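> Have a peek at upload24.cif (mmCIF, C-alpha atoms).
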data_entry
#
loop_
_atom_site.label_atom_id
_atom_site.label_comp_id
_atom_site.auth_asym_id
_atom_site.auth_seq_id
_atom_site.Cartn_x
_atom_site.Cartn_y
_atom_site.Cartn_z
CA MET A 11 -26.87 69.73 -20.52
CA MET A 12 -24.53 66.86 -21.32
CA PRO A 13 -25.74 63.40 -20.29
CA GLU A 14 -23.68 61.70 -17.63
CA PRO A 15 -21.42 58.96 -18.97
CA VAL A 16 -22.75 55.52 -18.37
CA GLU A 17 -20.32 53.29 -16.55
CA ALA A 18 -19.46 50.09 -18.31
CA PRO A 19 -20.61 46.96 -16.49
CA ALA A 20 -17.87 45.35 -14.47
CA ALA A 21 -16.37 42.22 -15.88
CA PRO A 22 -17.75 39.15 -14.19
CA THR A 23 -15.41 37.80 -11.62
CA THR A 24 -14.67 34.15 -11.41
CA VAL A 25 -14.42 32.57 -8.02
CA ASP A 26 -12.08 29.70 -7.65
CA ASP A 27 -13.96 26.55 -6.80
CA THR A 28 -11.49 25.85 -4.01
CA VAL A 29 -12.44 28.93 -1.94
CA GLY A 30 -14.16 27.98 1.30
CA VAL A 31 -13.37 24.29 0.96
CA SER A 32 -11.62 22.51 3.81
CA GLN A 33 -8.21 20.98 3.31
CA GLY A 34 -9.54 17.46 3.80
CA ARG A 35 -12.16 17.96 1.11
CA LEU A 36 -9.57 19.39 -1.27
CA ILE A 37 -7.36 16.36 -0.72
CA LEU A 38 -10.29 14.01 -1.31
CA ARG A 39 -11.25 15.91 -4.46
CA ARG A 40 -7.72 15.66 -5.86
CA PHE A 41 -7.55 11.96 -5.06
CA LEU A 42 -10.92 11.23 -6.67
CA ALA A 43 -9.79 13.13 -9.76
CA ASN A 44 -7.01 10.56 -10.19
CA LYS A 45 -8.97 7.80 -11.91
CA VAL A 46 -6.08 5.34 -11.89
CA ALA A 47 -5.65 5.62 -8.12
CA VAL A 48 -9.38 5.30 -7.45
CA VAL A 49 -9.77 2.25 -9.68
CA SER A 50 -6.65 0.70 -8.14
CA GLY A 51 -8.02 1.22 -4.64
CA ILE A 52 -11.35 -0.36 -5.58
CA LEU A 53 -9.67 -3.33 -7.26
CA PHE A 54 -7.40 -3.84 -4.25
CA LEU A 55 -10.35 -3.91 -1.85
CA LEU A 56 -12.23 -6.29 -4.14
CA LEU A 57 -9.21 -8.59 -4.36
CA VAL A 58 -8.76 -8.66 -0.59
CA GLY A 59 -12.47 -9.25 -0.01
CA PHE A 60 -12.54 -12.00 -2.62
CA SER A 61 -9.58 -13.85 -1.07
CA MET A 62 -11.06 -13.55 2.43
CA SER A 63 -14.50 -14.78 1.40
CA ALA A 64 -13.22 -17.58 -0.83
CA ILE A 65 -11.31 -19.66 1.71
CA GLY A 66 -12.39 -17.88 4.88
CA PHE A 67 -10.31 -16.09 7.46
CA GLY A 68 -9.57 -17.50 10.89
CA PRO A 69 -12.66 -19.24 12.29
CA ILE A 70 -14.89 -17.82 9.53
CA PRO A 71 -15.36 -20.37 6.71
CA GLY A 72 -15.31 -19.47 3.04
CA TRP A 73 -17.47 -20.46 0.13
CA TRP A 74 -14.78 -22.45 -1.72
CA LYS A 75 -15.03 -26.20 -1.14
CA HIS A 76 -11.27 -26.91 -0.99
CA ASP A 77 -8.64 -25.59 1.40
CA TYR A 78 -4.90 -25.03 1.06
CA THR A 79 -3.81 -28.12 3.01
CA THR A 80 -6.10 -30.99 1.94
CA LEU A 81 -4.81 -33.49 -0.63
CA SER A 82 -7.10 -34.74 -3.38
CA PRO A 83 -6.57 -36.98 -6.44
CA GLN A 84 -5.21 -35.12 -9.42
CA THR A 85 -7.60 -34.63 -12.34
CA GLY A 86 -6.36 -33.95 -15.84
CA GLY A 87 -2.75 -33.92 -14.73
CA GLY A 88 -3.44 -31.05 -12.33
CA ALA A 89 -4.22 -28.60 -15.16
CA PRO A 90 -6.50 -25.60 -14.50
CA THR A 91 -10.20 -26.20 -15.11
CA LEU A 92 -11.04 -22.50 -15.41
CA SER A 93 -12.87 -21.73 -18.64
CA LEU A 94 -13.47 -18.16 -19.82
CA VAL A 95 -14.44 -18.74 -23.47
CA PRO A 96 -18.21 -18.89 -24.13
CA GLU A 97 -19.67 -21.85 -26.01
CA TRP A 98 -20.82 -19.66 -28.89
CA LEU A 99 -17.16 -18.82 -29.50
CA GLY A 100 -16.14 -22.45 -29.60
CA GLY A 101 -15.12 -22.76 -25.94
CA ASN A 102 -16.38 -24.80 -23.03
CA GLY A 103 -18.40 -21.99 -21.51
CA ILE A 104 -17.64 -19.76 -18.55
CA SER A 105 -17.07 -21.95 -15.48
CA LEU A 106 -14.63 -22.47 -12.62
CA GLY A 107 -14.56 -26.24 -12.67
CA GLU A 108 -13.24 -28.42 -9.87
CA HIS A 109 -9.80 -26.75 -9.68
CA PRO A 110 -9.84 -23.42 -11.57
CA PHE A 111 -6.12 -22.70 -10.97
CA GLY A 112 -5.11 -26.36 -11.22
CA GLN A 113 -3.48 -28.52 -8.57
CA SER A 114 -0.05 -28.63 -7.04
CA ARG A 115 2.33 -31.53 -7.63
CA ILE A 116 0.89 -33.37 -4.64
CA GLY A 117 -2.77 -32.63 -5.41
CA ILE A 118 -3.60 -29.54 -3.31
CA ASP A 119 -6.06 -27.11 -4.86
CA TYR A 120 -4.01 -24.28 -6.31
CA PHE A 121 -6.81 -21.70 -6.12
CA ALA A 122 -7.02 -22.15 -2.34
CA MET A 123 -3.23 -21.96 -2.02
CA THR A 124 -3.08 -18.76 -4.07
CA MET A 125 -5.87 -17.10 -2.09
CA ARG A 126 -4.10 -18.01 1.15
CA GLY A 127 -0.91 -16.49 -0.25
CA VAL A 128 -2.80 -13.28 -1.07
CA GLN A 129 -4.14 -13.15 2.49
CA ASN A 130 -0.67 -13.54 3.99
CA SER A 131 0.75 -10.85 1.70
CA VAL A 132 -2.00 -8.45 2.76
CA ILE A 133 -1.43 -9.26 6.45
CA VAL A 134 2.29 -8.56 6.13
CA MET A 135 1.57 -5.38 4.18
CA LEU A 136 -0.83 -4.02 6.81
CA VAL A 137 1.28 -4.95 9.84
CA ILE A 138 4.51 -3.58 8.37
CA GLY A 139 2.74 -0.52 6.98
CA VAL A 140 1.05 0.39 10.28
CA GLY A 141 3.85 -0.71 12.63
CA GLY A 142 6.70 0.79 10.62
CA THR A 143 4.75 4.03 10.15
CA VAL A 144 4.02 4.43 13.86
CA ILE A 145 7.63 3.75 14.90
CA GLY A 146 9.10 5.93 12.17
CA THR A 147 6.70 8.78 12.88
CA VAL A 148 7.48 8.81 16.60
CA VAL A 149 11.25 8.63 16.05
CA GLY A 150 11.23 11.29 13.33
CA ALA A 151 8.93 13.60 15.28
CA ILE A 152 11.06 13.49 18.44
CA ALA A 153 14.31 13.94 16.49
CA GLY A 154 12.97 16.82 14.39
CA TYR A 155 11.33 18.66 17.26
CA TYR A 156 14.05 18.46 19.92
CA ARG A 157 17.08 18.49 17.60
CA GLY A 158 20.47 18.67 19.33
CA VAL A 159 21.75 15.58 21.13
CA ILE A 160 18.46 13.68 20.88
CA ASP A 161 18.36 14.23 17.13
CA ALA A 162 21.98 13.11 16.74
CA ILE A 163 21.47 9.89 18.72
CA LEU A 164 18.24 8.90 16.98
CA MET A 165 19.56 9.66 13.50
CA ARG A 166 22.79 7.71 14.08
CA ILE A 167 20.71 4.72 15.10
CA THR A 168 18.62 5.23 11.97
CA ASP A 169 21.75 5.44 9.81
CA VAL A 170 23.06 2.15 11.21
CA PHE A 171 19.89 0.35 10.15
CA ILE A 172 19.33 2.17 6.88
CA VAL A 173 22.73 1.29 5.37
CA ILE A 174 22.03 -2.43 5.79
CA PRO A 175 19.96 -3.80 2.86
CA ALA A 176 16.39 -4.54 3.85
CA LEU A 177 16.62 -8.05 2.41
CA VAL A 178 19.57 -8.88 4.66
CA ILE A 179 17.79 -7.66 7.79
CA GLY A 180 14.62 -9.40 6.67
CA ALA A 181 16.51 -12.65 6.10
CA ILE A 182 17.84 -12.60 9.66
CA VAL A 183 14.39 -11.82 11.08
CA GLY A 184 12.67 -14.33 8.79
CA ARG A 185 15.03 -17.14 9.70
CA ALA A 186 14.33 -16.56 13.39
CA THR A 187 10.57 -15.97 13.20
CA GLY A 188 9.35 -17.37 9.87
CA GLY A 189 8.23 -20.66 11.37
CA LEU A 190 6.27 -18.94 14.14
CA GLY A 191 3.51 -17.61 11.90
CA VAL A 192 2.91 -14.76 9.50
CA TRP A 193 1.72 -12.33 12.21
CA LEU A 194 4.89 -12.62 14.27
CA LEU A 195 7.05 -12.46 11.15
CA ALA A 196 5.31 -9.26 10.03
CA ALA A 197 5.60 -7.72 13.50
CA PHE A 198 9.37 -8.26 13.65
CA LEU A 199 9.81 -7.00 10.09
CA ALA A 200 7.92 -3.84 11.11
CA LEU A 201 10.54 -3.23 13.81
CA VAL A 202 13.23 -2.87 11.12
CA SER A 203 11.19 -1.06 8.44
CA TRP A 204 10.74 2.42 9.94
CA MET A 205 13.97 4.19 8.94
CA VAL A 206 12.89 5.92 5.72
CA ILE A 207 9.69 7.25 7.29
CA ALA A 208 11.66 8.51 10.30
CA ARG A 209 13.94 10.60 8.10
CA LEU A 210 11.01 12.01 6.10
CA VAL A 211 9.07 12.96 9.24
CA ARG A 212 12.19 14.48 10.81
CA ALA A 213 12.74 16.73 7.79
CA GLU A 214 9.10 17.82 7.90
CA PHE A 215 9.26 18.59 11.62
CA LEU A 216 12.47 20.61 11.23
CA SER A 217 10.56 22.86 8.85
CA LEU A 218 7.25 23.04 10.72
CA ARG A 219 8.69 23.67 14.20
CA GLU A 220 9.73 27.18 13.13
CA ARG A 221 6.23 28.22 12.03
CA GLU A 222 4.20 30.88 13.80
CA PHE A 223 1.48 28.53 15.05
CA VAL A 224 4.09 26.49 16.91
CA GLU A 225 5.48 29.60 18.58
CA ALA A 226 1.96 30.63 19.51
CA ALA A 227 1.35 27.21 21.10
CA ARG A 228 4.57 27.54 23.12
CA VAL A 229 3.57 31.01 24.34
CA ALA A 230 0.17 29.64 25.32
CA GLY A 231 1.91 27.10 27.57
CA ALA A 232 1.27 23.93 25.55
CA SER A 233 3.43 20.96 26.46
CA ASP A 234 5.93 19.46 24.03
CA LEU A 235 3.81 16.35 23.49
CA ARG A 236 0.76 18.48 22.71
CA ILE A 237 2.71 20.62 20.26
CA ILE A 238 4.16 17.53 18.54
CA PHE A 239 0.99 15.47 18.21
CA LYS A 240 -1.70 18.15 18.23
CA HIS A 241 -0.16 21.00 16.23
CA ILE A 242 2.76 19.78 14.09
CA LEU A 243 1.87 16.18 13.25
CA PRO A 244 -1.52 17.01 11.63
CA ASN A 245 0.34 19.31 9.25
CA ALA A 246 2.78 16.51 8.35
CA VAL A 247 0.13 13.83 7.91
CA GLY A 248 0.41 14.00 4.12
CA VAL A 249 4.04 12.92 4.17
CA VAL A 250 3.24 10.17 6.68
CA ILE A 251 0.33 8.71 4.68
CA VAL A 252 2.20 8.69 1.38
CA ALA A 253 5.30 7.13 2.94
CA ALA A 254 3.15 4.50 4.66
CA THR A 255 1.55 3.54 1.36
CA LEU A 256 4.90 3.11 -0.36
CA LEU A 257 6.20 1.12 2.63
CA ALA A 258 3.20 -1.19 2.35
CA ALA A 259 3.95 -1.85 -1.32
CA ALA A 260 7.59 -2.60 -0.52
CA ALA A 261 6.48 -4.94 2.30
CA ILE A 262 4.67 -7.18 -0.20
CA LEU A 263 7.83 -7.64 -2.24
CA LEU A 264 9.98 -8.11 0.88
CA GLU A 265 7.78 -10.90 2.26
CA THR A 266 7.58 -12.56 -1.14
CA SER A 267 11.34 -12.47 -1.55
CA LEU A 268 11.95 -13.91 1.91
CA SER A 269 9.45 -16.71 1.34
CA TYR A 270 10.99 -17.48 -2.04
CA LEU A 271 14.35 -17.89 -0.30
CA GLN A 272 12.71 -20.19 2.29
CA LEU A 273 13.29 -17.55 4.99
CA GLY A 274 9.76 -16.26 5.40
CA VAL A 275 6.48 -18.12 5.76
CA ARG A 276 7.09 -21.83 6.28
CA PRO A 277 4.90 -24.89 5.59
CA PRO A 278 2.19 -25.86 6.36
CA ASP A 279 1.28 -22.20 5.83
CA VAL A 280 1.41 -20.74 2.33
CA SER A 281 2.93 -17.64 0.74
CA LEU A 282 2.98 -16.50 -2.87
CA GLY A 283 6.77 -16.48 -2.85
CA LEU A 284 6.90 -19.92 -1.24
CA ILE A 285 4.55 -21.32 -3.91
CA ILE A 286 6.86 -20.09 -6.67
CA SER A 287 9.92 -21.44 -4.89
CA ASP A 288 8.39 -24.89 -4.46
CA ASN A 289 7.28 -25.13 -8.09
CA GLN A 290 10.04 -23.37 -10.00
CA SER A 291 11.36 -26.68 -11.34
CA ALA A 292 7.98 -27.35 -13.01
CA PHE A 293 7.92 -24.10 -14.98
CA GLN A 294 8.46 -25.78 -18.36
CA THR A 295 5.98 -28.62 -17.90
CA ARG A 296 3.26 -26.97 -15.78
CA PRO A 297 3.67 -23.19 -16.14
CA TRP A 298 0.42 -22.37 -14.32
CA LEU A 299 2.13 -23.29 -11.06
CA PHE A 300 4.31 -20.24 -11.61
CA TRP A 301 2.06 -17.77 -13.40
CA TRP A 302 -0.85 -17.66 -10.94
CA PRO A 303 1.13 -16.60 -7.84
CA ALA A 304 3.40 -14.36 -9.92
CA THR A 305 0.38 -12.57 -11.37
CA PHE A 306 -1.06 -11.82 -7.94
CA ILE A 307 2.31 -10.61 -6.60
CA VAL A 308 2.62 -8.10 -9.44
CA LEU A 309 -1.06 -7.13 -9.18
CA LEU A 310 -0.91 -6.43 -5.44
CA ALA A 311 2.28 -4.39 -5.70
CA LEU A 312 1.02 -2.34 -8.66
CA LEU A 313 -2.37 -1.56 -7.08
CA VAL A 314 -0.82 -0.36 -3.83
CA ASN A 315 1.77 1.71 -5.72
CA PHE A 316 -0.92 3.37 -7.86
CA VAL A 317 -2.89 4.25 -4.74
CA GLY A 318 0.30 5.69 -3.20
CA ASP A 319 0.92 7.81 -6.28
CA GLY A 320 -2.63 9.14 -6.09
CA LEU A 321 -2.23 10.03 -2.42
CA ARG A 322 1.07 11.76 -3.12
CA ASP A 323 -0.54 13.94 -5.80
CA ALA A 324 -3.52 14.66 -3.56
CA PHE A 325 -1.48 15.74 -0.53
CA ASP A 326 1.08 17.79 -2.50
CA PRO A 327 -0.33 21.35 -2.73
CA ARG A 328 2.01 22.11 -5.63
CA GLN A 329 0.20 19.55 -7.81
CA LYS A 330 -2.10 22.08 -9.47
CA ARG A 331 -4.03 20.32 -12.20
CA PHE A 332 -4.31 22.13 -15.51
CA SER A 333 -7.84 22.42 -16.90
CA ARG A 334 -8.03 23.59 -20.53
CA ARG A 335 -11.78 24.17 -20.33
CA ARG A 336 -11.52 26.34 -17.20
CA THR A 337 -8.66 28.34 -18.70
CA LYS A 338 -10.69 29.09 -21.86
CA GLU A 339 -13.71 30.15 -19.80
CA ARG A 340 -11.63 32.58 -17.75
CA ALA A 341 -9.93 33.99 -20.85
CA SER A 342 -13.25 34.57 -22.63
CA SER A 343 -14.78 36.28 -19.59
#
Can I see the file as structure tokens?

Amino acid sequence: MMPEPVEAPAAPTTVDDTVGVSQGRLILRRFLANKVAVVSGILFLLLVGFSMSAIGFGPIPGWWKHDYTTLSPQTGGGAPTLSLVPEWLGGNGISLGEHPFGQSRIGIDYFAMTMRGVQNSVIVMLVIGVGGTVIGTVVGAIAGYYRGVIDAILMRITDVFIVIPALVIGAIVGRATGGLGVWLLAAFLALVSWMVIARLVRAEFLSLREREFVEAARVAGASDLRIIFKHILPNAVGVVIVAATLLAAAAILLETSLSYLQLGVRPPDVSLGLIISDNQSAFQTRPWLFWWPATFIVLLALLVNFVGDGLRDAFDPRQKRFSRRRTKERASS
């Protein structure tokens, strides 16, 4: 009697580590895998927290002894007293000194002025980012969902604003509101910064409104507002978040440019662009008056842009990361 053939053991199956994981967790996992974006986000939060704690914010005092308005006698020609070279390397040791970033031409502490400029840039970034995103999302959602006449009217209004350079619109707004404070300036700039987001959201809604879950919501008797904000918008949140991040980065440069042209934040308040504008004639003799604010402008814009790139990769489902180790393991199994 012939023995029955023994079946070969089945090849082990590999289960994708993304099975059973929610979309939010997948997005978070992709974002955390982007080390540049994570480090940029941490550095940005540390920079904002440092500027707020140094000179205070509103009624809350800071730990730095000088402020951005008080005059004091110049020491050492207003040169920076910051020392980063240890004594065992022939330096003066690691210390801040009396004025680590130096002093302005009239004796104001430059560290306090720079930190105040960072605060104002962050305020403008947040107000424009949030305000422009909300307006653009609402306009784009209504235009993309209803289409027809409503879409045509809203998009023609968007086209009128979008063909005008942002700096020109910002100059008009800044000239009218720059002397009224950074909050009001940022709020009015947000009113003219929503056009790109509106077009992106409209395109996303035109695609999503034809999906089966939208038709099912209509059959179930859901209202238009519920379909827009409860069913379609959560599926377009990736586009909204990424666009908001890029808008926030552009807002930093817009405010800096306006202040440099004397059309943004006005004295006695301080802006990074205004500091550069006031001290550009001293670039050859006292270059630190230019390099400190310029460094923080570039740093803020780069950090926000890196975070935006990380969010874009995390929300884009087509960004499938290639893992050589995982590919070898699957091939060998």
> When you count only C-alpha atoms, which of these residues is closest to Val192 (chain A): A:Gly139, A:Ile65, A:Met205, A:Gly127?
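That would be A:Gly127, the residue with the smallest distance to Val192 (chain A).
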> Quick check on the file I pasted: which residues fall under the PyMOL selection byres ((chain A and resi 322) around 9)? Write them as a PyMOL selection string.
chain A and resi 41+248-249+251-253+317-321+323-326
> For a test of reading the model, state the distance in Å between CA of Val149 (chain A) and CA of Ala196 (chain A), rounded to one decimal.
19.8 Å
> So, counting only C-alpha atoms, which residue among A:Tyr156, A:Trp193, A:Phe198, A:Phe171 is closest to Glu220 (chain A)?
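Under the stated criterion, the closest residue is A:Tyr156.
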> Find the spatial neighbours of region 307-315 of chain A, counting all atoms listed in the file, within a cut-off of 9 Å - ignore same-chain residues fewer than 6 positions away - and output them as an MDAnalysis selection string.
chainID A and resid 47 49:51 53:54 57 128 131:132 255:256 258:260 262:263 266 282:283
> From the list A:Ile238, A:Trp74, A:Gly117, A:Ile285, which residue is nearest Trp302 (chain A) when using all atoms listed in the file?
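Going through A:Ile238, A:Trp74, A:Gly117, A:Ile285 one by one, the smallest distance to Trp302 (chain A) is for A:Ile285.
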> Using the atoms already present, construct N, CA and C atoms for region 76-96 of chain A and hand them back as a PDB file, in the coordinates of the input.

ATOM      1  N   HIS A  76     -12.581 -26.364  -1.319  1.00  0.00           N
ATOM      2  CA  HIS A  76     -11.270 -26.910  -0.990  1.00  0.00           C
ATOM      3  C   HIS A  76     -10.515 -25.937  -0.082  1.00  0.00           C
ATOM      4  N   ASP A  77      -9.512 -26.455   0.629  1.00  0.00           N
ATOM      5  CA  ASP A  77      -8.640 -25.590   1.400  1.00  0.00           C
ATOM      6  C   ASP A  77      -7.200 -25.790   0.915  1.00  0.00           C
ATOM      7  N   TYR A  78      -6.272 -25.046   1.556  1.00  0.00           N
ATOM      8  CA  TYR A  78      -4.900 -25.030   1.060  1.00  0.00           C
ATOM      9  C   TYR A  78      -4.012 -26.104   1.673  1.00  0.00           C
ATOM     10  N   THR A  79      -4.600 -27.049   2.390  1.00  0.00           N
ATOM     11  CA  THR A  79      -3.810 -28.120   3.010  1.00  0.00           C
ATOM     12  C   THR A  79      -4.281 -29.518   2.643  1.00  0.00           C
ATOM     13  N   THR A  80      -5.530 -29.667   2.179  1.00  0.00           N
ATOM     14  CA  THR A  80      -6.100 -30.990   1.940  1.00  0.00           C
ATOM     15  C   THR A  80      -5.649 -31.544   0.591  1.00  0.00           C
ATOM     16  N   LEU A  81      -5.206 -32.798   0.595  1.00  0.00           N
ATOM     17  CA  LEU A  81      -4.810 -33.490  -0.630  1.00  0.00           C
ATOM     18  C   LEU A  81      -6.036 -34.100  -1.283  1.00  0.00           C
ATOM     19  N   SER A  82      -6.027 -34.109  -2.611  1.00  0.00           N
ATOM     20  CA  SER A  82      -7.100 -34.740  -3.380  1.00  0.00           C
ATOM     21  C   SER A  82      -6.501 -35.335  -4.650  1.00  0.00           C
ATOM     22  N   PRO A  83      -7.126 -36.361  -5.219  1.00  0.00           N
ATOM     23  CA  PRO A  83      -6.570 -36.980  -6.440  1.00  0.00           C
ATOM     24  C   PRO A  83      -6.479 -35.975  -7.581  1.00  0.00           C
ATOM     25  N   GLN A  84      -5.396 -36.026  -8.298  1.00  0.00           N
ATOM     26  CA  GLN A  84      -5.210 -35.120  -9.420  1.00  0.00           C
ATOM     27  C   GLN A  84      -6.144 -35.484 -10.567  1.00  0.00           C
ATOM     28  N   THR A  85      -6.725 -34.449 -11.181  1.00  0.00           N
ATOM     29  CA  THR A  85      -7.600 -34.630 -12.340  1.00  0.00           C
ATOM     30  C   THR A  85      -7.016 -33.887 -13.515  1.00  0.00           C
ATOM     31  N   GLY A  86      -6.909 -34.579 -14.636  1.00  0.00           N
ATOM     32  CA  GLY A  86      -6.360 -33.950 -15.840  1.00  0.00           C
ATOM     33  C   GLY A  86      -4.924 -33.527 -15.704  1.00  0.00           C
ATOM     34  N   GLY A  87      -4.146 -34.276 -14.925  1.00  0.00           N
ATOM     35  CA  GLY A  87      -2.750 -33.920 -14.730  1.00  0.00           C
ATOM     36  C   GLY A  87      -2.530 -32.674 -13.906  1.00  0.00           C
ATOM     37  N   GLY A  88      -3.554 -32.248 -13.165  1.00  0.00           N
ATOM     38  CA  GLY A  88      -3.440 -31.050 -12.330  1.00  0.00           C
ATOM     39  C   GLY A  88      -3.591 -29.757 -13.098  1.00  0.00           C
ATOM     40  N   ALA A  89      -4.075 -29.812 -14.342  1.00  0.00           N
ATOM     41  CA  ALA A  89      -4.220 -28.600 -15.160  1.00  0.00           C
ATOM     42  C   ALA A  89      -5.393 -27.765 -14.683  1.00  0.00           C
ATOM     43  N   PRO A  90      -5.376 -26.456 -14.905  1.00  0.00           N
ATOM     44  CA  PRO A  90      -6.500 -25.600 -14.500  1.00  0.00           C
ATOM     45  C   PRO A  90      -7.785 -25.981 -15.216  1.00  0.00           C
ATOM     46  N   THR A  91      -8.881 -25.928 -14.516  1.00  0.00           N
ATOM     47  CA  THR A  91     -10.200 -26.200 -15.110  1.00  0.00           C
ATOM     48  C   THR A  91     -10.974 -24.924 -15.385  1.00  0.00           C
ATOM     49  N   LEU A  92     -10.370 -23.768 -15.159  1.00  0.00           N
ATOM     50  CA  LEU A  92     -11.040 -22.500 -15.410  1.00  0.00           C
ATOM     51  C   LEU A  92     -11.283 -22.319 -16.904  1.00  0.00           C
ATOM     52  N   SER A  93     -12.508 -21.968 -17.244  1.00  0.00           N
ATOM     53  CA  SER A  93     -12.870 -21.730 -18.640  1.00  0.00           C
ATOM     54  C   SER A  93     -13.519 -20.363 -18.753  1.00  0.00           C
ATOM     55  N   LEU A  94     -12.975 -19.530 -19.649  1.00  0.00           N
ATOM     56  CA  LEU A  94     -13.470 -18.160 -19.820  1.00  0.00           C
ATOM     57  C   LEU A  94     -13.996 -17.896 -21.229  1.00  0.00           C
ATOM     58  N   VAL A  95     -13.983 -18.907 -22.087  1.00  0.00           N
ATOM     59  CA  VAL A  95     -14.440 -18.740 -23.470  1.00  0.00           C
ATOM     60  C   VAL A  95     -15.863 -19.263 -23.595  1.00  0.00           C
ATOM     61  N   PRO A  96     -16.825 -18.425 -23.991  1.00  0.00           N
ATOM     62  CA  PRO A  96     -18.210 -18.890 -24.130  1.00  0.00           C
ATOM     63  C   PRO A  96     -18.350 -19.996 -25.179  1.00  0.00           C
TER      64      PRO A  96
END
